[in-house]
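Novice: Once you've had a glance at the structure underneath, I'll fire off some questions.
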Amino acid sequence: MDASDQSMFDEIVALLEPFNADKIALKPETDISADLKIDSVSVMDFVMEVEDKFDIDIPLNVLSDTRTIADLMGVVKERTNA
Amino acid sequence: MASKLLEKHQVLAERFQRMQSMGAVAVGPTNDQILSPTRAIINGRETILAGTNNYMGITFDEDCIAAGKKALDEFGTGTTGSRIANGSYALHTELEQELAQMLGRKHCIVFTTGYQANLGMIAGLAGPRDTVFLDADSHSSIYDGCTLSGAKLVRFRHNDAADLDKRLSRMEDDGGGRLVVVEGIYSMLGDRAPLDEFVEVKKKHGFELLVDEAHSFGVLGPNGRGLADEVGLDEHVDYVVGTFSKSVGAIGGYGAGNDPMFDMIRYASRPYMFTASPSPASVATSIAAIKRLQAEPERRERLQKNSARLYAGFSDLGLQLGCDVVSPVIAVTCPDEPSTIAMWNALMEAGVYVNIAVPPGTPNKTCLLRCSVSAAHTDADIDRIIELFGEVVATGVHLAKTA
């Protein structure tokens with residue numbers, strides 16, 4: 001992971017911590033919904049935080065293919081460059 | 001090897017088991033007998049109903065029952081097909097005309113359920129090239145309608161017009177249409193959309209606005225049309241959606257609007273086209289009930305009075321309530337799921353039925369005992385509900401973390 005990826009990862013992890021009730025270790029391959037055992041509404045609430053942090057929109061229909069933190073980083077990169 | 005399909009619901013099964021082991025049949029208790037809009041026999045005991053959404057208390061109205069029986073005699077038990085494939089009954093058209101007139105709209109389409117009304121309207125309006133902006137606390141039928149539409153879905157913070165404004169500004173013009181969806185009264189907390197603020201954002205960005213008046217139709221406004229009627233902003237609302245399963249006391253739903261192309265939704269909307277039309281008895285009782293609601297505005301006044309009485313009583317008990325305006329939906333916030341179930345059990349035991357609402361069905365992970373008030377409740381009923389809540393609260397069960 002290069003420095004900018006690391007910084008994005010850290011920012012996403014910081015936003016995800018409030019949803020991480022069991023305090024599991026968060027890695028790029030962590031499945032946001034399944035590994036954190038959070039429900040669909042919480043996933044959407046978390047994504048809203050990500051949207052505001054990076055000042056982008058992540059339409060909900062994009063999320064069906066987004067499972068891991070690394071997937072989400074891909075979406076954020078794509079939409080910040082757009 | 002492929003996994004077994006139902007395996008994935010193991011988490012659900014465990015949660016359901018946990019709730020049951022705490023004695024709760026909260027997820028759908030059986031009403032053995034319905035005595036009136038506000039009374040049922042549940043588990044052999046007469047129970048005050050305070051969680052039915054029977055806002056107008058119209059389910060046992062003599063005219064409505066007579067109209068239903070007459071329709072059964074004249075049109076039979078069911079329509080056995082969709083209106084596109086099998087044709088309409090005269091009653092369907094009559095209901096649409098009656099509603100259009102009450103709503104002050106040129107066009108109205110009736111759907112088989114309220115859920116399908118949102119599915120059918122949203123998927124009929126928006127397509128894959130459009131964007132739907134929906135309130136974060138929207139009902140599942142709105143989310144599902146958005147999914148069915150194939151549109152791009154942008155969720156904005158609940159009741160936050162500034163947040164919607166930000167998201168609209170952020171999105172570049174892609175040439176597609178833009179639909180914003182809000183609700184008149186939100187079903188869980190009873191709060192209302194700040195429609196004036198959304199109308200300001202509409203003037204700035206120029207989208208089309210749909211208001212779901214499921215919980216506010218019949219309840220709010222000088223004409224009982226809902227929130228937009230109440231705040232005098234009907235003309236800024238392009239489309240309204242509502243249901244017959246609450247204030248109308250039947251089953252079914254509607255969408256209405258003024259656009260000359262409106263009726264094309266019938267031919268573009270799968271939840272309208274590919275399902276059987278509402279049954280004659282249900283349509284006939286809906287027509288009778290809508291006439292009743294218009295002829296008897298005192299039902300609305302009675303509901304408002306009852307809601308204010310319950311709201312004040314709960315406030316005096318020191319209960320934490322879901323919103324700061326008096327609404328026929330009054331939600332009591334509990335600390336967690338076990339305490340909510342314990343309190344619900346105690347209330348059932350004492351003879352009052354309310355709804356349990358827990359995440360993800362609730363906003364902000366709250367656990368709620370959700371009450372809905374009826375115009376058919378008497379002052380004595382409301383006082384009794386307050387008294388029973390008071391007794392249950394006094395036991396401290398609502399604070400117990402029994403997990």
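Ordering of the structure tokens sets the chain letters (A, B, ...); residue numbers start at 1 within each chain; ligands are numbered from 1 in the order shown.
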Please find the residues of chain A near chain B - the criterion being any atom within 8 Å, counting only C-alpha atoms - and write them as a PyMOL selection string.
Specialist: chain A and resi 39-42+48+55-61
Novice: Extract, using only C-alpha atoms, all DNA, RNA and protein residues at most 8 Å from Thr285 of chain B, discarding same-chain residues fewer than 4 positions from it, and format them as a ChimeraX atom specification.
Specialist: /B:64-65,67-68,250,281,289
Novice: Would you output that residue set with N, CA, C and O atoms, as a short mmCIF file (atom, residue, chain, number, x, y, z; two decimals), in the first residue's frame?
Specialist:
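So the final result, stored in again-v2.cif, reads:
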```cif
data_model
loop_
_atom_site.label_atom_id
_atom_site.label_comp_id
_atom_site.auth_asym_id
_atom_site.auth_seq_id
_atom_site.Cartn_x
_atom_site.Cartn_y
_atom_site.Cartn_z
N CYS B 64 -69.19 1.20 5.75
CA CYS B 64 -68.07 0.53 5.08
C CYS B 64 -68.34 -0.97 5.00
O CYS B 64 -68.13 -1.60 3.96
N ILE B 65 -68.81 -1.53 6.11
CA ILE B 65 -69.09 -2.97 6.12
C ILE B 65 -70.21 -3.31 5.13
O ILE B 65 -70.11 -4.27 4.36
N ALA B 67 -70.99 -1.66 2.45
CA ALA B 67 -70.46 -1.50 1.08
C ALA B 67 -69.64 -2.71 0.68
O ALA B 67 -69.71 -3.19 -0.46
N GLY B 68 -68.87 -3.24 1.64
CA GLY B 68 -68.05 -4.43 1.37
C GLY B 68 -68.92 -5.65 1.07
O GLY B 68 -68.66 -6.40 0.13
N ALA B 250 -58.66 -0.53 5.13
CA ALA B 250 -58.83 -1.64 4.18
C ALA B 250 -57.44 -2.14 3.78
O ALA B 250 -56.56 -2.22 4.63
N ALA B 281 -64.40 -6.25 -2.47
CA ALA B 281 -64.83 -5.82 -1.13
C ALA B 281 -63.87 -4.76 -0.59
O ALA B 281 -64.30 -3.77 0.02
N ALA B 289 -65.08 4.43 2.99
CA ALA B 289 -64.29 5.06 4.06
C ALA B 289 -63.80 6.45 3.64
O ALA B 289 -63.81 7.39 4.44
#
```
Novice: So how many Å separate atom CA of Arg309 of chain B and atom CA of Ile290 of chain B, to one decimal?
Specialist: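 Rounded to one decimal, the two atoms are 26.0 Å apart.
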Novice: Give me the residues within 7 Å of segment 116-125 of chain B as a PyMOL selection string, counting only C-alpha atoms and dropping any in the same chain fewer than 2 places off.
Specialist: chain B and resi 111-114+127+141-142+144-146+148-149+241+253-255+265+268-272
Novice: What does the file look like for those residues with N, CA, C and O atoms, as a PDB file, in the first residue's frame?
Specialist:
```pdb
ATOM      1  N   PHE B 111     -53.331   0.858  -6.392  1.00  0.00           N
ATOM      2  CA  PHE B 111     -52.498  -0.347  -6.360  1.00  0.00           C
ATOM      3  C   PHE B 111     -53.073  -1.340  -5.334  1.00  0.00           C
ATOM      4  O   PHE B 111     -53.900  -0.963  -4.508  1.00  0.00           O
ATOM      5  N   THR B 112     -52.574  -2.573  -5.388  1.00  0.00           N
ATOM      6  CA  THR B 112     -53.181  -3.621  -4.569  1.00  0.00           C
ATOM      7  C   THR B 112     -52.804  -3.527  -3.091  1.00  0.00           C
ATOM      8  O   THR B 112     -53.587  -3.903  -2.220  1.00  0.00           O
ATOM      9  N   THR B 113     -51.602  -3.027  -2.801  1.00  0.00           N
ATOM     10  CA  THR B 113     -51.226  -2.755  -1.407  1.00  0.00           C
ATOM     11  C   THR B 113     -50.473  -1.425  -1.362  1.00  0.00           C
ATOM     12  O   THR B 113     -50.038  -0.907  -2.400  1.00  0.00           O
ATOM     13  N   GLY B 114     -50.287  -0.912  -0.168  1.00  0.00           N
ATOM     14  CA  GLY B 114     -49.522   0.318   0.007  1.00  0.00           C
ATOM     15  C   GLY B 114     -48.068   0.110  -0.386  1.00  0.00           C
ATOM     16  O   GLY B 114     -47.433   0.983  -0.991  1.00  0.00           O
ATOM     17  N   GLY B 127     -36.177   5.642 -13.923  1.00  0.00           N
ATOM     18  CA  GLY B 127     -35.562   4.555 -14.680  1.00  0.00           C
ATOM     19  C   GLY B 127     -34.058   4.576 -14.507  1.00  0.00           C
ATOM     20  O   GLY B 127     -33.520   5.431 -13.794  1.00  0.00           O
ATOM     21  N   SER B 141     -40.495   0.093   1.556  1.00  0.00           N
ATOM     22  CA  SER B 141     -41.155   0.076   0.246  1.00  0.00           C
ATOM     23  C   SER B 141     -40.560   1.136  -0.681  1.00  0.00           C
ATOM     24  O   SER B 141     -40.555   0.968  -1.905  1.00  0.00           O
ATOM     25  N   ILE B 142     -40.042   2.218  -0.094  1.00  0.00           N
ATOM     26  CA  ILE B 142     -39.398   3.259  -0.907  1.00  0.00           C
ATOM     27  C   ILE B 142     -38.038   2.755  -1.388  1.00  0.00           C
ATOM     28  O   ILE B 142     -37.704   2.858  -2.575  1.00  0.00           O
ATOM     29  N   ASP B 144     -37.197  -0.315  -1.759  1.00  0.00           N
ATOM     30  CA  ASP B 144     -37.411  -1.402  -2.713  1.00  0.00           C
ATOM     31  C   ASP B 144     -37.897  -0.866  -4.067  1.00  0.00           C
ATOM     32  O   ASP B 144     -37.530  -1.398  -5.114  1.00  0.00           O
ATOM     33  N   GLY B 145     -38.702   0.174  -4.025  1.00  0.00           N
ATOM     34  CA  GLY B 145     -39.143   0.810  -5.270  1.00  0.00           C
ATOM     35  C   GLY B 145     -37.956   1.391  -6.023  1.00  0.00           C
ATOM     36  O   GLY B 145     -37.862   1.272  -7.253  1.00  0.00           O
ATOM     37  N   CYS B 146     -37.033   1.987  -5.281  1.00  0.00           N
ATOM     38  CA  CYS B 146     -35.816   2.553  -5.890  1.00  0.00           C
ATOM     39  C   CYS B 146     -34.993   1.454  -6.538  1.00  0.00           C
ATOM     40  O   CYS B 146     -34.514   1.598  -7.663  1.00  0.00           O
ATOM     41  N   LEU B 148     -36.012  -1.428  -7.606  1.00  0.00           N
ATOM     42  CA  LEU B 148     -36.736  -1.941  -8.775  1.00  0.00           C
ATOM     43  C   LEU B 148     -36.611  -0.996  -9.975  1.00  0.00           C
ATOM     44  O   LEU B 148     -36.583  -1.432 -11.124  1.00  0.00           O
ATOM     45  N   SER B 149     -36.514   0.296  -9.694  1.00  0.00           N
ATOM     46  CA  SER B 149     -36.452   1.290 -10.776  1.00  0.00           C
ATOM     47  C   SER B 149     -35.147   1.207 -11.552  1.00  0.00           C
ATOM     48  O   SER B 149     -35.094   1.603 -12.713  1.00  0.00           O
ATOM     49  N   VAL B 241     -48.203   9.538  -2.701  1.00  0.00           N
ATOM     50  CA  VAL B 241     -48.459   8.114  -2.562  1.00  0.00           C
ATOM     51  C   VAL B 241     -49.135   7.921  -1.208  1.00  0.00           C
ATOM     52  O   VAL B 241     -48.869   8.677  -0.262  1.00  0.00           O
ATOM     53  N   GLY B 253     -53.383   0.747  -2.089  1.00  0.00           N
ATOM     54  CA  GLY B 253     -52.617   1.983  -2.048  1.00  0.00           C
ATOM     55  C   GLY B 253     -52.888   2.811  -3.285  1.00  0.00           C
ATOM     56  O   GLY B 253     -53.556   2.346  -4.215  1.00  0.00           O
ATOM     57  N   TYR B 254     -52.359   4.039  -3.283  1.00  0.00           N
ATOM     58  CA  TYR B 254     -52.601   4.909  -4.443  1.00  0.00           C
ATOM     59  C   TYR B 254     -51.376   5.755  -4.750  1.00  0.00           C
ATOM     60  O   TYR B 254     -50.521   5.972  -3.893  1.00  0.00           O
ATOM     61  N   GLY B 255     -51.347   6.199  -5.998  1.00  0.00           N
ATOM     62  CA  GLY B 255     -50.417   7.245  -6.401  1.00  0.00           C
ATOM     63  C   GLY B 255     -51.237   8.265  -7.153  1.00  0.00           C
ATOM     64  O   GLY B 255     -52.219   7.900  -7.833  1.00  0.00           O
ATOM     65  N   ILE B 265     -47.893   5.419 -16.212  1.00  0.00           N
ATOM     66  CA  ILE B 265     -47.323   4.601 -15.129  1.00  0.00           C
ATOM     67  C   ILE B 265     -47.989   3.216 -15.111  1.00  0.00           C
ATOM     68  O   ILE B 265     -47.351   2.215 -14.830  1.00  0.00           O
ATOM     69  N   ALA B 268     -46.093   1.101 -17.455  1.00  0.00           N
ATOM     70  CA  ALA B 268     -44.634   1.056 -17.297  1.00  0.00           C
ATOM     71  C   ALA B 268     -44.245   0.397 -15.986  1.00  0.00           C
ATOM     72  O   ALA B 268     -43.071   0.152 -15.733  1.00  0.00           O
ATOM     73  N   SER B 269     -45.246   0.099 -15.170  1.00  0.00           N
ATOM     74  CA  SER B 269     -44.951  -0.254 -13.792  1.00  0.00           C
ATOM     75  C   SER B 269     -45.313  -1.715 -13.497  1.00  0.00           C
ATOM     76  O   SER B 269     -46.482  -2.095 -13.523  1.00  0.00           O
ATOM     77  N   ARG B 270     -44.291  -2.507 -13.234  1.00  0.00           N
ATOM     78  CA  ARG B 270     -44.511  -3.943 -13.027  1.00  0.00           C
ATOM     79  C   ARG B 270     -45.400  -4.239 -11.811  1.00  0.00           C
ATOM     80  O   ARG B 270     -46.254  -5.114 -11.873  1.00  0.00           O
ATOM     81  N   PRO B 271     -45.239  -3.509 -10.688  1.00  0.00           N
ATOM     82  CA  PRO B 271     -46.097  -3.821  -9.529  1.00  0.00           C
ATOM     83  C   PRO B 271     -47.576  -3.485  -9.755  1.00  0.00           C
ATOM     84  O   PRO B 271     -48.429  -3.858  -8.960  1.00  0.00           O
ATOM     85  N   TYR B 272     -47.866  -2.762 -10.833  1.00  0.00           N
ATOM     86  CA  TYR B 272     -49.266  -2.524 -11.200  1.00  0.00           C
ATOM     87  C   TYR B 272     -49.737  -3.587 -12.187  1.00  0.00           C
ATOM     88  O   TYR B 272     -50.858  -4.106 -12.083  1.00  0.00           O
TER      89      TYR B 272
END
```
Novice: Could you write out, as a VMD selection string, all the residues of chain A that DSSP marks as helix (DSSP H, G or I)?
Specialist: chain A and resid 3 to 19 40 to 54 60 to 65 69 to 81
Novice: Print the selection's residues with N, CA and C atoms to a file, as a compact mmCIF listing (two decimals), in the first residue's frame.
Specialist:
```txt
# COMPACT_ATOMS: atom_id res chain seq x y z
N ALA A 3 1.63 5.50 0.21
CA ALA A 3 1.30 6.44 1.30
C ALA A 3 -0.12 6.98 1.17
N SER A 4 -0.55 7.27 -0.04
CA SER A 4 -1.89 7.85 -0.19
C SER A 4 -2.96 6.78 0.09
N ASP A 5 -2.69 5.54 -0.33
CA ASP A 5 -3.60 4.45 -0.01
C ASP A 5 -3.68 4.25 1.50
N GLN A 6 -2.52 4.30 2.14
CA GLN A 6 -2.47 4.10 3.59
C GLN A 6 -3.29 5.18 4.29
N SER A 7 -3.15 6.39 3.80
CA SER A 7 -3.87 7.49 4.44
C SER A 7 -5.38 7.35 4.22
N MET A 8 -5.77 6.90 3.02
CA MET A 8 -7.20 6.67 2.77
C MET A 8 -7.72 5.53 3.64
N PHE A 9 -6.89 4.47 3.72
CA PHE A 9 -7.28 3.32 4.57
C PHE A 9 -7.49 3.78 6.01
N ASP A 10 -6.54 4.58 6.51
CA ASP A 10 -6.64 5.06 7.90
C ASP A 10 -7.90 5.90 8.11
N GLU A 11 -8.20 6.72 7.11
CA GLU A 11 -9.39 7.59 7.24
C GLU A 11 -10.66 6.75 7.25
N ILE A 12 -10.72 5.74 6.39
CA ILE A 12 -11.92 4.88 6.34
C ILE A 12 -12.05 4.07 7.64
N VAL A 13 -10.91 3.58 8.11
CA VAL A 13 -10.92 2.80 9.37
C VAL A 13 -11.43 3.67 10.53
N ALA A 14 -11.01 4.93 10.54
CA ALA A 14 -11.45 5.84 11.61
C ALA A 14 -12.97 6.01 11.57
N LEU A 15 -13.50 6.09 10.35
CA LEU A 15 -14.96 6.25 10.20
C LEU A 15 -15.70 4.97 10.57
N LEU A 16 -15.02 3.85 10.38
CA LEU A 16 -15.66 2.56 10.61
C LEU A 16 -15.62 2.14 12.08
N GLU A 17 -14.67 2.68 12.83
CA GLU A 17 -14.52 2.26 14.23
C GLU A 17 -15.81 2.35 15.06
N PRO A 18 -16.61 3.44 14.93
CA PRO A 18 -17.84 3.50 15.73
C PRO A 18 -18.81 2.34 15.44
N PHE A 19 -18.65 1.70 14.28
CA PHE A 19 -19.53 0.58 13.93
C PHE A 19 -18.92 -0.77 14.31
N SER A 40 -27.83 -3.80 7.39
CA SER A 40 -27.82 -3.04 6.13
C SER A 40 -27.93 -1.53 6.35
N VAL A 41 -28.72 -1.13 7.36
CA VAL A 41 -28.89 0.30 7.60
C VAL A 41 -27.58 0.90 8.13
N SER A 42 -26.89 0.15 9.00
CA SER A 42 -25.62 0.65 9.53
C SER A 42 -24.58 0.79 8.41
N VAL A 43 -24.61 -0.15 7.47
CA VAL A 43 -23.67 -0.04 6.34
C VAL A 43 -23.95 1.27 5.58
N MET A 44 -25.22 1.56 5.36
CA MET A 44 -25.57 2.79 4.63
C MET A 44 -25.19 4.04 5.43
N ASP A 45 -25.37 3.95 6.76
CA ASP A 45 -25.00 5.09 7.60
C ASP A 45 -23.48 5.33 7.54
N PHE A 46 -22.72 4.24 7.56
CA PHE A 46 -21.27 4.34 7.48
C PHE A 46 -20.85 4.94 6.13
N VAL A 47 -21.50 4.48 5.06
CA VAL A 47 -21.15 4.99 3.73
C VAL A 47 -21.43 6.49 3.64
N MET A 48 -22.47 6.93 4.33
CA MET A 48 -22.78 8.36 4.34
C MET A 48 -21.63 9.16 4.97
N GLU A 49 -21.02 8.59 6.00
CA GLU A 49 -19.85 9.23 6.63
C GLU A 49 -18.69 9.30 5.64
N VAL A 50 -18.51 8.22 4.88
CA VAL A 50 -17.44 8.18 3.89
C VAL A 50 -17.69 9.23 2.80
N GLU A 51 -18.96 9.34 2.37
CA GLU A 51 -19.31 10.33 1.35
C GLU A 51 -18.95 11.74 1.82
N ASP A 52 -19.28 12.02 3.07
CA ASP A 52 -19.03 13.37 3.58
C ASP A 52 -17.54 13.63 3.77
N LYS A 53 -16.82 12.60 4.23
CA LYS A 53 -15.38 12.75 4.46
C LYS A 53 -14.66 13.10 3.15
N PHE A 54 -15.05 12.41 2.07
CA PHE A 54 -14.33 12.59 0.80
C PHE A 54 -15.08 13.50 -0.18
N LEU A 60 -26.23 4.10 -3.77
CA LEU A 60 -26.44 2.82 -3.07
C LEU A 60 -26.34 1.63 -4.00
N ASN A 61 -26.69 1.82 -5.27
CA ASN A 61 -26.64 0.68 -6.18
C ASN A 61 -25.21 0.25 -6.51
N VAL A 62 -24.23 1.13 -6.22
CA VAL A 62 -22.83 0.77 -6.41
C VAL A 62 -22.39 -0.20 -5.30
N LEU A 63 -23.10 -0.10 -4.17
CA LEU A 63 -22.65 -0.82 -2.97
C LEU A 63 -22.82 -2.33 -3.04
N SER A 64 -23.71 -2.80 -3.91
CA SER A 64 -23.95 -4.24 -3.92
C SER A 64 -22.69 -5.03 -4.29
N ASP A 65 -21.77 -4.40 -5.03
CA ASP A 65 -20.53 -5.08 -5.40
C ASP A 65 -19.38 -4.70 -4.47
N ILE A 69 -13.14 -3.41 2.74
CA ILE A 69 -12.60 -2.05 2.85
C ILE A 69 -11.82 -1.71 1.58
N ALA A 70 -11.08 -2.69 1.04
CA ALA A 70 -10.33 -2.46 -0.20
C ALA A 70 -11.28 -2.13 -1.36
N ASP A 71 -12.42 -2.85 -1.45
CA ASP A 71 -13.42 -2.54 -2.48
C ASP A 71 -13.87 -1.08 -2.34
N LEU A 72 -14.15 -0.70 -1.10
CA LEU A 72 -14.66 0.65 -0.85
C LEU A 72 -13.60 1.69 -1.22
N MET A 73 -12.33 1.38 -0.92
CA MET A 73 -11.25 2.31 -1.30
C MET A 73 -11.23 2.49 -2.82
N GLY A 74 -11.48 1.39 -3.53
CA GLY A 74 -11.54 1.47 -5.00
C GLY A 74 -12.65 2.42 -5.46
N VAL A 75 -13.81 2.31 -4.80
CA VAL A 75 -14.95 3.17 -5.16
C VAL A 75 -14.62 4.65 -4.86
N VAL A 76 -14.02 4.87 -3.69
CA VAL A 76 -13.69 6.23 -3.29
C VAL A 76 -12.70 6.84 -4.30
N LYS A 77 -11.68 6.07 -4.66
CA LYS A 77 -10.67 6.56 -5.62
C LYS A 77 -11.32 6.92 -6.95
N GLU A 78 -12.17 6.00 -7.42
CA GLU A 78 -12.81 6.20 -8.71
C GLU A 78 -13.67 7.47 -8.69
N ARG A 79 -14.35 7.69 -7.56
CA ARG A 79 -15.29 8.81 -7.52
C ARG A 79 -14.63 10.13 -7.16
N THR A 80 -13.48 10.06 -6.49
CA THR A 80 -12.76 11.33 -6.22
C THR A 80 -12.05 11.80 -7.49
N ASN A 81 -11.67 10.85 -8.36
CA ASN A 81 -11.01 11.23 -9.61
C ASN A 81 -11.99 11.67 -10.69
```
Novice: Using only C-alpha atoms, determine which residues lie at most 12 Å from Ser327 of chain B, disregarding the query and same-chain residues fewer than 4 positions distant; provide the list as a PDB file with C-alpha atoms, in the first residue's frame.
Specialist:
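File result-v8.pdb, as written:
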```pdb
ATOM      1  CA  ASN B  53     -52.337   2.244  12.623  1.00  0.00           C
ATOM      2  CA  TYR B  55     -55.916   6.112  12.910  1.00  0.00           C
ATOM      3  CA  GLY B 184     -45.430  13.049   5.481  1.00  0.00           C
ATOM      4  CA  ILE B 185     -45.188  11.297   8.849  1.00  0.00           C
ATOM      5  CA  TYR B 186     -42.352   8.827   9.452  1.00  0.00           C
ATOM      6  CA  SER B 187     -43.748   5.526  10.644  1.00  0.00           C
ATOM      7  CA  MET B 188     -41.299   4.774  13.440  1.00  0.00           C
ATOM      8  CA  LEU B 189     -40.767   8.063  15.285  1.00  0.00           C
ATOM      9  CA  GLY B 190     -43.826  10.016  14.137  1.00  0.00           C
ATOM     10  CA  ASP B 191     -41.807  13.019  12.968  1.00  0.00           C
ATOM     11  CA  ARG B 192     -42.687  14.945   9.804  1.00  0.00           C
ATOM     12  CA  HIS B 215     -49.275   7.754   7.833  1.00  0.00           C
ATOM     13  CA  SER B 216     -50.597  11.276   7.203  1.00  0.00           C
ATOM     14  CA  VAL B 219     -54.714  12.466   9.504  1.00  0.00           C
ATOM     15  CA  LEU B 220     -53.266  15.861   8.542  1.00  0.00           C
ATOM     16  CA  LEU B 227     -48.727  16.848   5.321  1.00  0.00           C
ATOM     17  CA  ARG B 300     -59.304  14.042  12.553  1.00  0.00           C
ATOM     18  CA  LEU B 303     -57.382  11.784  16.699  1.00  0.00           C
ATOM     19  CA  GLN B 304     -55.417  14.970  17.308  1.00  0.00           C
ATOM     20  CA  LYS B 305     -56.994  15.335  20.761  1.00  0.00           C
ATOM     21  CA  ASN B 306     -56.262  11.697  21.637  1.00  0.00           C
ATOM     22  CA  SER B 307     -52.696  11.970  20.378  1.00  0.00           C
ATOM     23  CA  ALA B 308     -52.103  15.116  22.438  1.00  0.00           C
ATOM     24  CA  ARG B 309     -53.527  13.392  25.528  1.00  0.00           C
ATOM     25  CA  LEU B 310     -51.273  10.342  25.152  1.00  0.00           C
ATOM     26  CA  TYR B 311     -48.245  12.468  24.307  1.00  0.00           C
ATOM     27  CA  ALA B 312     -48.776  14.631  27.411  1.00  0.00           C
ATOM     28  CA  LEU B 321     -40.373  10.041  23.075  1.00  0.00           C
ATOM     29  CA  GLY B 322     -39.387   9.670  19.430  1.00  0.00           C
ATOM     30  CA  CYS B 323     -40.221  13.198  18.308  1.00  0.00           C
ATOM     31  CA  ALA B 331     -42.694   6.024  20.068  1.00  0.00           C
ATOM     32  CA  ARG B 370     -44.314   2.242  19.155  1.00  0.00           C
ATOM     33  CA  CYS B 371     -47.871   3.299  19.866  1.00  0.00           C
ATOM     34  CA  SER B 372     -50.384   4.417  17.282  1.00  0.00           C
ATOM     35  CA  VAL B 373     -53.409   6.375  18.417  1.00  0.00           C
ATOM     36  CA  SER B 374     -56.920   5.977  17.008  1.00  0.00           C
TER      37      SER B 374
END
```
Novice: Let me make sure I understand: among B:Asn31, B:Ser277, B:Thr47, B:Ser36, which one has the smallest atom-to-atom distance to Tyr89 of chain B if we use only C-alpha atoms?
Specialist: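 With only C-alpha atoms as the atom set, the closest residue is B:Ser277.
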Novice: Apply DSSP to the structure's backbone, then extract all residues of segment 46-257 of chain B labelled strand (DSSP E) and return them as a PyMOL selection string.
Specialist: chain B and resi 46-49+107-111+131-135+152-156+178-183+208-212+239-243+253-257
Novice: So which residues touch Ser82 of chain B within 9 Å, counting only C-alpha atoms, skipping near sequence neighbours fewer than 5 positions away, as a list in words?
Specialist: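 Residues near the query, excluding close chain neighbours: Gly87, Ser88, Tyr272, Met273, Phe274, Thr275, Ala276, Ser277 and Pro278 of chain B.
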Novice: In Å to one decimal, how far is atom CA of Tyr239 of chain B from atom CA of Val199 of chain B?
Specialist: 13.4 Å
